[in-house]
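Q: The following file, target33.tsv, comprises TSV, C-alpha atoms and all ligand atoms:
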```
chain	number	residue	atom	x	y	z
A	82	MET	CA	80.57	56.01	115.73
A	83	THR	CA	79.17	53.94	112.92
A	84	GLU	CA	75.46	53.50	112.99
A	85	PRO	CA	74.78	49.81	112.34
A	86	ASN	CA	71.34	50.21	110.87
A	87	THR	CA	71.50	52.93	108.29
A	88	GLU	CA	70.02	51.22	105.27
A	89	PRO	CA	66.64	52.76	104.49
A	90	GLU	CA	63.99	50.29	105.47
A	91	ASN	CA	61.64	50.93	102.63
A	92	LYS	CA	63.53	51.43	99.43
A	93	PRO	CA	61.58	51.74	96.21
A	94	GLY	CA	60.91	48.25	94.99
A	95	SER	CA	61.07	46.67	98.41
A	96	THR	CA	57.32	46.53	98.81
A	97	GLU	CA	56.81	43.38	96.83
A	98	PRO	CA	54.25	40.93	98.14
A	99	GLU	CA	55.40	38.60	100.87
A	100	SER	CA	53.71	35.57	99.45
A	101	ASP	CA	57.02	33.78	98.92
A	102	ALA	CA	56.85	32.79	102.59
A	103	THR	CA	54.28	30.19	101.83
A	104	ALA	CA	56.07	28.75	98.83
A	105	GLU	CA	56.26	25.01	99.12
A	106	ALA	CA	59.56	24.11	97.73
A	107	SER	CA	62.02	22.44	99.92
A	108	PRO	CA	64.32	19.64	99.01
A	109	LYS	CA	63.87	17.61	102.18
A	110	VAL	CA	66.49	18.34	104.77
A	111	ASP	CA	67.83	15.62	107.04
A	112	LEU	CA	66.89	17.00	110.41
A	113	GLU	CA	67.36	13.82	112.36
A	114	HIS	CA	71.08	13.83	113.02
A	115	LEU	CA	71.81	17.45	113.67
A	116	PRO	CA	75.06	18.33	115.45
A	117	GLU	CA	75.09	18.87	119.19
A	118	GLY	CA	73.40	22.05	120.29
A	119	PHE	CA	71.20	22.23	117.20
A	120	GLU	CA	68.97	19.20	117.80
A	121	TYR	CA	66.11	21.51	118.72
A	122	ILE	CA	65.68	22.53	115.08
A	123	GLU	CA	63.94	19.28	114.23
A	124	LYS	CA	61.38	19.81	116.96
A	125	LEU	CA	60.77	23.43	116.07
A	126	VAL	CA	60.18	22.94	112.37
A	127	ASP	CA	56.79	21.25	112.65
A	128	GLU	CA	55.56	21.95	116.12
A	129	PRO	CA	52.75	24.50	116.56
A	130	ALA	CA	53.61	27.57	118.61
A	131	PRO	CA	52.27	27.88	122.13
A	132	ASP	CA	50.40	31.08	122.90
A	133	ASP	CA	51.16	33.06	126.04
A	134	GLN	CA	47.75	34.67	126.06
A	135	GLN	CA	46.07	31.29	125.96
A	136	ILE	CA	48.40	29.91	128.64
A	137	ARG	CA	47.63	32.90	130.83
A	138	GLU	CA	43.89	32.47	130.37
A	139	GLU	CA	44.06	28.76	131.13
A	140	THR	CA	46.27	29.01	134.19
A	141	GLY	CA	45.36	32.49	135.34
A	142	GLN	CA	49.08	33.13	135.79
A	143	GLN	CA	51.98	34.84	134.24
A	144	THR	CA	53.83	32.42	132.01
A	145	THR	CA	57.47	32.82	132.83
A	146	ALA	CA	57.52	36.05	134.81
A	147	HIS	CA	59.01	35.39	138.21
A	148	GLN	CA	59.63	38.29	140.54
A	149	GLU	CA	62.39	36.66	142.53
A	150	GLN	CA	64.86	36.14	139.67
A	151	GLN	CA	68.04	38.07	139.00
A	152	PRO	CA	67.46	40.18	135.88
A	153	TYR	CA	69.24	39.05	132.72
A	154	ILE	CA	68.91	42.46	131.10
A	155	ALA	CA	68.16	45.77	132.81
A	156	PHE	CA	68.23	49.54	132.49
A	157	ASP	CA	68.81	51.28	135.81
A	158	HIS	CA	67.98	55.01	135.59
A	159	VAL	CA	69.37	55.34	132.07
A	160	SER	CA	69.47	58.74	130.34
A	161	LYS	CA	70.71	59.40	126.82
A	162	SER	CA	70.95	62.58	124.77
A	163	PHE	CA	72.10	63.39	121.28
A	164	GLY	CA	73.34	66.97	121.51
A	165	ASP	CA	70.56	68.96	123.21
A	166	PHE	CA	67.96	66.36	122.47
A	167	HIS	CA	67.15	64.19	125.47
A	168	VAL	CA	65.98	60.90	124.00
A	169	LEU	CA	65.75	58.83	127.19
A	170	LYS	CA	65.21	60.31	130.64
A	171	ASP	CA	65.80	58.14	133.68
A	172	VAL	CA	64.47	54.93	132.15
A	173	SER	CA	64.46	51.72	134.21
A	174	PHE	CA	63.19	48.24	133.35
A	175	PHE	CA	64.34	44.64	133.57
A	176	VAL	CA	63.97	41.33	131.76
A	177	ASN	CA	64.45	38.07	133.61
A	178	ALA	CA	66.07	35.07	131.94
A	179	GLY	CA	63.59	33.30	129.69
A	180	GLU	CA	61.15	36.20	129.67
A	181	THR	CA	59.91	38.32	126.81
A	182	LEU	CA	59.71	42.09	127.15
A	183	CYS	CA	57.83	44.11	124.56
A	184	ILE	CA	58.82	47.76	124.15
A	185	LEU	CA	55.99	49.95	122.93
A	186	GLY	CA	55.90	53.61	122.04
A	187	ARG	CA	55.50	56.08	119.21
A	188	SER	CA	58.02	56.47	116.46
A	189	GLY	CA	61.15	58.39	117.54
A	190	VAL	CA	60.64	57.76	121.26
A	191	GLY	CA	63.94	55.91	121.69
A	192	LYS	CA	63.08	52.23	121.24
A	193	SER	CA	65.88	51.46	118.79
A	194	VAL	CA	68.33	53.60	120.76
A	195	SER	CA	67.47	51.50	123.82
A	196	LEU	CA	68.31	48.27	122.01
A	197	GLN	CA	71.47	49.78	120.57
A	198	GLN	CA	72.63	50.72	124.06
A	199	LEU	CA	72.07	47.13	125.20
A	200	MET	CA	74.32	46.00	122.35
A	201	GLY	CA	76.93	48.58	123.35
A	202	PHE	CA	76.67	50.59	120.11
A	203	TYR	CA	75.90	53.69	122.22
A	204	LYS	CA	76.83	54.45	125.81
A	205	PRO	CA	74.27	56.16	128.05
A	206	ASP	CA	75.03	59.58	129.59
A	207	SER	CA	74.10	58.24	133.01
A	208	GLY	CA	72.67	55.12	134.61
A	209	ARG	CA	73.70	51.48	134.57
A	210	ILE	CA	72.99	48.80	131.97
A	211	LEU	CA	72.95	45.09	132.70
A	212	VAL	CA	73.28	42.60	129.84
A	213	ALA	CA	73.67	38.83	130.23
A	214	GLY	CA	73.76	39.52	133.95
A	215	GLU	CA	76.80	41.82	133.67
A	216	ASP	CA	77.14	45.55	134.13
A	217	ILE	CA	78.43	46.61	130.71
A	218	ILE	CA	78.84	50.33	131.34
A	219	ASP	CA	82.62	50.25	131.48
A	220	PHE	CA	83.06	47.41	129.01
A	221	ASP	CA	85.51	47.90	126.13
A	222	GLU	CA	84.89	46.68	122.58
A	223	GLU	CA	86.45	43.29	123.21
A	224	GLN	CA	84.29	42.68	126.27
A	225	MET	CA	81.23	43.82	124.32
A	226	GLN	CA	82.01	41.33	121.57
A	227	ALA	CA	81.84	38.56	124.14
A	228	ILE	CA	78.45	39.91	125.29
A	229	ARG	CA	77.23	40.06	121.67
A	230	LYS	CA	77.86	36.34	121.37
A	231	LYS	CA	75.26	35.81	124.07
A	232	VAL	CA	72.84	38.56	123.07
A	233	THR	CA	72.22	39.24	119.41
A	234	MET	CA	70.02	41.77	117.67
A	235	VAL	CA	67.79	41.35	114.66
A	236	PHE	CA	67.71	44.69	112.86
A	237	GLN	CA	64.64	46.01	111.06
A	238	ASN	CA	66.27	45.60	107.67
A	239	GLY	CA	67.89	42.30	108.63
A	240	ALA	CA	71.38	43.84	108.19
A	241	LEU	CA	72.38	40.86	106.05
A	242	PHE	CA	75.64	40.75	104.10
A	243	ASP	CA	74.52	41.85	100.63
A	244	SER	CA	77.23	40.05	98.72
A	245	LEU	CA	76.81	36.69	100.46
A	246	SER	CA	74.10	34.22	99.51
A	247	ILE	CA	71.27	33.65	101.96
A	248	ARG	CA	72.83	30.31	102.84
A	249	GLU	CA	76.26	31.87	103.47
A	250	ASN	CA	74.72	34.60	105.61
A	251	VAL	CA	73.32	31.96	107.95
A	252	ALA	CA	76.51	29.89	107.79
A	253	PHE	CA	78.62	32.89	108.83
A	254	PRO	CA	78.41	32.50	112.63
A	255	LEU	CA	78.84	28.73	112.28
A	256	ARG	CA	82.11	29.19	110.40
A	257	GLU	CA	83.30	31.76	112.95
A	258	ASN	CA	82.52	30.06	116.20
A	259	GLN	CA	82.12	26.37	115.72
A	260	HIS	CA	84.24	23.39	114.95
A	261	LEU	CA	81.88	21.90	112.45
A	262	ASP	CA	82.62	20.22	109.15
A	263	GLU	CA	81.11	21.51	105.92
A	264	ASP	CA	78.35	18.89	105.80
A	265	GLN	CA	77.28	19.72	109.32
A	266	ILE	CA	77.27	23.44	108.55
A	267	GLN	CA	75.10	22.89	105.48
A	268	GLN	CA	72.74	20.67	107.45
A	269	ILE	CA	72.31	23.24	110.24
A	270	VAL	CA	71.82	26.07	107.73
A	271	SER	CA	69.14	24.10	105.88
A	272	GLY	CA	67.42	23.28	109.15
A	273	LEU	CA	67.47	26.87	110.38
A	274	LEU	CA	66.17	28.19	107.05
A	275	GLU	CA	63.39	25.63	107.06
A	276	MET	CA	62.56	26.58	110.63
A	277	VAL	CA	62.11	30.25	109.72
A	278	GLY	CA	60.16	29.37	106.58
A	279	VAL	CA	62.74	30.36	103.96
A	280	THR	CA	63.17	27.50	101.55
A	281	GLY	CA	64.05	27.23	97.92
A	282	GLN	CA	65.88	30.55	97.54
A	283	SER	CA	68.85	29.86	99.71
A	284	ASP	CA	71.51	30.25	97.02
A	285	GLU	CA	70.26	33.68	95.97
A	286	LEU	CA	71.43	37.02	97.33
A	287	PRO	CA	69.44	38.75	100.08
A	288	SER	CA	68.35	41.44	97.61
A	289	SER	CA	65.98	38.91	96.06
A	290	LEU	CA	64.02	38.69	99.32
A	291	SER	CA	61.11	40.72	100.64
A	292	THR	CA	61.44	42.69	103.90
A	293	GLY	CA	59.83	39.96	105.98
A	294	MET	CA	61.96	37.23	104.48
A	295	LYS	CA	65.12	39.23	105.12
A	296	ARG	CA	64.14	39.44	108.75
A	297	SER	CA	63.47	35.70	108.84
A	298	VAL	CA	66.94	35.02	107.44
A	299	ALA	CA	68.38	37.44	110.02
A	300	ILE	CA	66.68	35.42	112.76
A	301	ALA	CA	68.14	32.21	111.31
A	302	ARG	CA	71.59	33.82	111.28
A	303	ALA	CA	71.14	35.04	114.85
A	304	LEU	CA	70.23	31.51	115.95
A	305	ALA	CA	73.28	30.04	114.23
A	306	ALA	CA	75.34	31.89	116.83
A	307	GLN	CA	73.47	30.03	119.61
A	308	PRO	CA	72.60	33.13	121.63
A	309	GLU	CA	70.94	33.26	125.04
A	310	ALA	CA	68.88	36.29	124.10
A	311	ILE	CA	67.61	37.97	120.95
A	312	LEU	CA	66.57	41.61	120.59
A	313	TYR	CA	64.10	42.14	117.74
A	314	ASP	CA	63.58	45.63	116.35
A	315	GLU	CA	60.05	45.85	114.96
A	316	PRO	CA	59.90	42.35	113.50
A	317	THR	CA	56.38	42.82	112.15
A	318	THR	CA	56.55	46.36	110.80
A	319	MET	CA	55.84	46.46	107.07
A	320	VAL	CA	55.20	42.78	106.66
A	321	ASP	CA	51.87	41.25	105.85
A	322	PRO	CA	49.73	39.62	108.57
A	323	LEU	CA	50.74	36.11	107.52
A	324	ILE	CA	54.44	36.84	108.00
A	325	ALA	CA	53.66	38.67	111.23
A	326	LYS	CA	51.92	35.52	112.48
A	327	LEU	CA	54.89	33.35	111.46
A	328	MET	CA	57.29	35.71	113.26
A	329	GLY	CA	55.16	35.57	116.38
A	330	ASP	CA	55.03	31.77	116.23
A	331	LEU	CA	58.77	31.58	115.83
A	332	ILE	CA	59.59	33.97	118.68
A	333	GLN	CA	57.16	32.05	120.84
A	334	LYS	CA	58.66	28.66	120.04
A	335	LEU	CA	62.17	29.97	120.74
A	336	LYS	CA	60.98	31.17	124.10
A	337	TYR	CA	59.47	27.85	125.15
A	338	GLN	CA	61.84	25.41	123.47
A	339	LEU	CA	65.14	27.20	123.87
A	340	LYS	CA	64.19	29.34	126.88
A	341	LEU	CA	65.54	32.30	124.95
A	342	THR	CA	65.22	35.68	126.58
A	343	SER	CA	63.84	38.28	124.20
A	344	ILE	CA	63.05	41.92	123.79
A	345	VAL	CA	60.64	42.77	121.01
A	346	VAL	CA	60.17	46.36	119.90
A	347	THR	CA	56.76	46.53	118.31
A	348	HIS	CA	53.88	48.81	117.39
A	349	ASP	CA	51.55	45.86	117.29
A	350	MET	CA	49.56	45.51	120.50
A	351	ARG	CA	48.09	42.17	119.55
A	352	PHE	CA	51.58	40.88	119.00
A	353	ALA	CA	52.62	42.26	122.40
A	354	GLN	CA	49.60	40.73	124.11
A	355	ARG	CA	50.46	37.37	122.70
A	356	LEU	CA	54.18	37.42	123.44
A	357	ALA	CA	54.96	39.65	126.37
A	358	ASP	CA	55.57	38.74	129.97
A	359	ARG	CA	56.18	42.41	130.62
A	360	VAL	CA	55.70	45.61	128.70
A	361	LEU	CA	57.71	48.83	128.68
A	362	PHE	CA	55.82	51.81	127.29
A	363	LEU	CA	58.08	54.73	126.41
A	364	HIS	CA	56.54	58.18	126.15
A	365	GLU	CA	58.35	61.51	125.81
A	366	GLY	CA	61.63	59.92	126.82
A	367	LYS	CA	60.29	58.33	129.99
A	368	ALA	CA	59.24	54.84	131.01
A	369	ARG	CA	55.59	55.78	131.29
A	370	PHE	CA	54.61	52.21	132.13
A	371	PHE	CA	56.57	49.09	133.02
A	372	GLY	CA	54.76	46.00	134.18
A	373	THR	CA	53.07	42.77	133.22
A	374	ILE	CA	50.47	42.51	130.46
A	375	ASP	CA	47.73	42.11	133.06
A	376	GLU	CA	48.91	45.21	134.90
A	377	MET	CA	48.94	47.08	131.60
A	378	LYS	CA	45.37	46.06	130.84
A	379	ALA	CA	44.30	47.19	134.30
A	380	SER	CA	46.19	50.50	134.09
A	381	ASP	CA	44.18	53.70	133.99
A	382	ASP	CA	47.12	55.81	132.85
A	383	GLU	CA	45.59	58.24	130.39
A	384	ILE	CA	48.47	58.32	127.90
A	385	LEU	CA	48.87	54.54	127.91
A	386	CYS	CA	45.12	54.03	127.38
A	387	GLN	CA	45.17	56.52	124.51
A	388	PHE	CA	48.07	54.66	122.91
A	389	LEU	CA	46.29	51.32	123.24
A	390	GLU	CA	43.00	52.70	121.87
A	391	LEU	CA	44.75	54.34	118.96
A	392	ASP	CA	46.49	51.10	118.20
A	393	GLU	CA	43.16	49.30	118.05
A	394	LEU	CA	41.94	51.85	115.50
A	395	VAL	CA	45.02	51.40	113.37
A	396	LEU	CA	44.86	47.64	113.61
A	397	PRO	CA	41.21	46.67	113.49
A	398	GLY	CA	40.79	43.23	114.98
B	401	LIG	N1	72.92	58.70	116.11
B	401	LIG	C1	71.98	59.59	116.38
B	401	LIG	N2	72.24	60.92	116.39
B	401	LIG	C2	71.30	61.82	116.68
B	401	LIG	N3	70.02	61.52	116.97
B	401	LIG	C3	69.67	60.22	116.95
B	401	LIG	C4	70.63	59.18	116.66
B	401	LIG	N4	69.99	58.00	116.74
B	401	LIG	C5	68.72	58.26	117.06
B	401	LIG	N5	68.52	59.60	117.19
B	401	LIG	C6	67.27	60.25	117.55
B	401	LIG	O1	66.80	59.68	118.76
B	401	LIG	C7	65.39	59.60	118.75
B	401	LIG	C8	64.98	58.16	119.05
B	401	LIG	O2	65.34	57.34	117.95
B	401	LIG	P1	64.94	55.84	117.85
B	401	LIG	O3	65.38	55.11	119.05
B	401	LIG	O4	65.47	55.36	116.55
B	401	LIG	O5	63.35	55.90	117.81
B	401	LIG	P2	62.29	54.69	117.70
B	401	LIG	O6	61.54	54.68	118.99
B	401	LIG	O7	61.39	55.06	116.56
B	401	LIG	O8	63.07	53.45	117.46
B	401	LIG	C9	64.93	60.07	117.39
B	401	LIG	O9	64.49	61.39	117.50
B	401	LIG	C10	66.17	59.98	116.55
B	401	LIG	O10	66.15	60.95	115.54
B	402	MG	MG	63.18	52.24	115.78
```
Just give me the structure of the file as structure tokens.
Ligand SMILES: Nc1ncnc2c1ncn2[C@@H]1O[C@H](COP(=O)(O)OP(=O)(O)O)[C@@H](O)[C@H]1O
Ligand SMILES: [Mg+2]
A:
Amino acid sequence: MTEPNTEPENKPGSTEPESDATAEASPKVDLEHLPEGFEYIEKLVDEPAPDDQQIREETGQQTTAHQEQQPYIAFDHVSKSFGDFHVLKDVSFFVNAGETLCILGRSGVGKSVSLQQLMGFYKPDSGRILVAGEDIIDFDEEQMQAIRKKVTMVFQNGALFDSLSIRENVAFPLRENQHLDEDQIQQIVSGLLEMVGVTGQSDELPSSLSTGMKRSVAIARALAAQPEAILYDEPTTMVDPLIAKLMGDLIQKLKYQLKLTSIVVTHDMRFAQRLADRVLFLHEGKARFFGTIDEMKASDDEILCQFLELDELVLPG
């Protein structure tokens, strides 16, 4: 099986500063007459992001977490090994439509493998997996491709097409799936790039971008496919705090404006606190904790508390 995310994340020379995110540079894009289905871009470009934590404090409630819903994504007693190595042992969790789940856990604990199973890149050894409301366990490649139109993944390295310009990377899903003329495609691409804060470099190749900007372009490309859900693999790892803030804002806006369902794998507890309706904490292959942010804060599980304390040390507030 081909591993979709094999490019080393941190190549020599890829640690350049991320300051290009703030570059003011854009030739003004006409965002007023966007094609059907993309009108939201105009609203999202300028609007400030809502903050789940703030909403929770003000209302004393979960934001979008509703117990009674049918899950949109779920693991039901999933186990997965590579050879003798048991990565995931009997892991269960769910994400309702419109909710955000954050997956936390140490490096190597199986976070990426979990996302890759949701995308159908790996099959579990046992258990059931629900994606877009469907049990995908027995799905063939063609059926999975239909699922991947609804649920897309943003890889750590962006997984952009190296030989296509940034603009063409974002245009790719539009050319594949839509009946749009060239002007409309260019207008949507410009709008999406503006929305994710990448302006001025759109005719260059992805190699000219920093890690954070590659991820931003990958998000723009994911949105061009008009998904119902996005899975983000460590969107804020190895980017500076400014980019991390922009990523958080963007994921937040997509949640509230587009009602996108998301799973965010992250090490960053502050990020999780801001975004998550629920949290899955993986430890030694098991779902050590699964619950709402408030339940997590109230938990006295020793290992979870240790993880959260350690995280505070690593990321001084
Ligand atoms: N294709 C594979 N073959 C063998 N082992 C793998 C493969 N993919 C991942 N693993 C192993 O599974 C474990 C979990 O990996 P991963 O999900 O990438 O961890 P993380 O939580 O850091 O994302 C790691 O020990 C990794 O080495
Ligand atoms: Mg990973």
Q: Under the rule that all atoms listed in the file are counted, which of A:Ala301, A:Ile344, A:Leu389, A:Leu339 is the nearest residue to Val251 in chain A?
A: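 Using all atoms listed in the file, the shortest distance to Val251 in chain A belongs to A:Ala301.
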Q: Give me the chain A side of the contact with ligand LIG 401 (chain B), cut-off 6 Å, one line per residue showing its nearest atom pair and distance in Å at one decimal, counting all atoms listed in the file, sorted by chain and residue number, as CSV.
A:
```
residue,atom,partner,partner_atom,distance
A:Phe163,CA,B:LIG401,C2,4.9
A:Val168,CA,B:LIG401,C7,5.4
A:Ser188,CA,B:LIG401,O7,3.7
A:Gly189,CA,B:LIG401,O5,3.3
A:Val190,CA,B:LIG401,O6,3.9
A:Gly191,CA,B:LIG401,O3,3.1
A:Lys192,CA,B:LIG401,O6,3.7
A:Ser193,CA,B:LIG401,O8,3.7
A:Val194,CA,B:LIG401,O3,3.7
```
Q: Restricting the calculation to all atoms listed in the file: of A:Asp111, A:Asp264, A:Asp314, A:Glu257, which residue gets closest to Ser195 in chain A?
A: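 Selected residue with least distance to Ser195 in chain A: A:Asp314.
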Q: Would you give me, as a tab-separated table, each residue of chain A having an atom within 12 Å of an atom of ligand MG 402 (chain B), along with its shortest atom pair and that distance in Å to one decimal, using all atoms listed in the file and sorting by chain and residue number?
A:
```
residue	atom	partner	partner_atom	distance
A:Asn86	CA	B:MG402	MG	9.7
A:Thr87	CA	B:MG402	MG	11.2
A:Pro89	CA	B:MG402	MG	11.8
A:Glu90	CA	B:MG402	MG	10.5
A:Ile184	CA	B:MG402	MG	10.4
A:Leu185	CA	B:MG402	MG	10.4
A:Gly186	CA	B:MG402	MG	9.7
A:Arg187	CA	B:MG402	MG	9.2
A:Ser188	CA	B:MG402	MG	6.7
A:Gly189	CA	B:MG402	MG	6.7
A:Val190	CA	B:MG402	MG	8.2
A:Gly191	CA	B:MG402	MG	7.0
A:Lys192	CA	B:MG402	MG	5.5
A:Ser193	CA	B:MG402	MG	4.1
A:Val194	CA	B:MG402	MG	7.3
A:Ser195	CA	B:MG402	MG	9.1
A:Leu196	CA	B:MG402	MG	9.0
A:Gln197	CA	B:MG402	MG	9.9
A:Val235	CA	B:MG402	MG	11.9
A:Phe236	CA	B:MG402	MG	9.3
A:Gln237	CA	B:MG402	MG	8.0
A:Asn238	CA	B:MG402	MG	10.9
A:Tyr313	CA	B:MG402	MG	10.3
A:Asp314	CA	B:MG402	MG	6.6
A:Glu315	CA	B:MG402	MG	7.2
A:Pro316	CA	B:MG402	MG	10.7
A:Thr318	CA	B:MG402	MG	10.2
A:Val345	CA	B:MG402	MG	11.1
A:Val346	CA	B:MG402	MG	7.8
A:Thr347	CA	B:MG402	MG	9.0
A:His348	CA	B:MG402	MG	10.0
```
Q: Find the nearest atom pair between each residue of range 266-362 of chain A and range 172-182 of chain A for residues within 6 Å, count all atoms listed in the file, give distances in Å to one decimal, sort rows by chain and ascending number, and present the table as JSON lines.
A:
```
{"residue": "A:Lys340", "atom": "CA", "partner": "A:Gly179", "partner_atom": "CA", "distance": 4.9}
{"residue": "A:Leu341", "atom": "CA", "partner": "A:Gly179", "partner_atom": "CA", "distance": 5.2}
{"residue": "A:Thr342", "atom": "CA", "partner": "A:Gly179", "partner_atom": "CA", "distance": 4.2}
{"residue": "A:Ser343", "atom": "CA", "partner": "A:Thr181", "partner_atom": "CA", "distance": 4.7}
{"residue": "A:Ile344", "atom": "CA", "partner": "A:Leu182", "partner_atom": "CA", "distance": 4.7}
{"residue": "A:Ala357", "atom": "CA", "partner": "A:Thr181", "partner_atom": "CA", "distance": 5.1}
{"residue": "A:Asp358", "atom": "CA", "partner": "A:Thr181", "partner_atom": "CA", "distance": 5.4}
{"residue": "A:Arg359", "atom": "CA", "partner": "A:Leu182", "partner_atom": "CA", "distance": 5.0}
{"residue": "A:Val360", "atom": "CA", "partner": "A:Leu182", "partner_atom": "CA", "distance": 5.6}
```
Q: Set the distance at 9 Å and use all atoms listed in the file: which residues neighbour Arg229 in chain A once local chain neighbours fewer than 5 positions away are removed? I'd like the list as a PyMOL selection string.
A: chain A and resi 200-201+224+234+308
Q: For Leu304 in chain A, which residue among A:Gln265, A:Ser288, A:Thr233, A:Gln333 is the nearest when counting only C-alpha atoms?
A: A:Thr233
Q: Can you tell me, as a ChimeraX atom specification, what residues are no more than 8 Å from Lys231 in chain A when counting all atoms listed in the file, ignoring any on the same chain fewer than 4 positions away?
A: /A:213,227,307-310
Q: Give me a file of those residues, with C-alpha atoms, as a JSON list (two decimals), in the coordinates of the input.
A:
```
[["chain", "number", "residue", "atom", "x", "y", "z"],
["A", 213, "ALA", "CA", 73.67, 38.83, 130.23],
["A", 227, "ALA", "CA", 81.84, 38.56, 124.14],
["A", 307, "GLN", "CA", 73.47, 30.03, 119.61],
["A", 308, "PRO", "CA", 72.60, 33.13, 121.63],
["A", 309, "GLU", "CA", 70.94, 33.26, 125.04],
["A", 310, "ALA", "CA", 68.88, 36.29, 124.10]]
```
Q: Residues at most 8 Å from Leu331 in chain A, counting all atoms listed in the file, excluding those fewer than 4 positions away in the same chain, as a JSON list (two decimals) with C-alpha atoms, in the coordinates of the input?
A:
```json
[["chain", "number", "residue", "atom", "x", "y", "z"],
["A", 130, "ALA", "CA", 53.61, 27.57, 118.61],
["A", 277, "VAL", "CA", 62.11, 30.25, 109.72],
["A", 327, "LEU", "CA", 54.89, 33.35, 111.46],
["A", 335, "LEU", "CA", 62.17, 29.97, 120.74]]
```
Q: Between CA of Ser246 in chain A and CA of Ala306 in chain A, measure the distance and give it in Å to one decimal.
A: 17.5 Å
Q: CA of Glu249 in chain A and CA of Leu290 in chain A, how far apart in Å?
A: 14.6 Å
Q: Using all atoms of range 324-341 of chain A listed in the file and a margin of 4 Å per side, can you give the axis-aligned box centre and edge lengths in Å to one decimal, as JSON?
A:
```
{"center_x": 58.7, "center_y": 32.0, "center_z": 117.4, "size_x": 21.6, "size_y": 21.3, "size_z": 26.9}
```
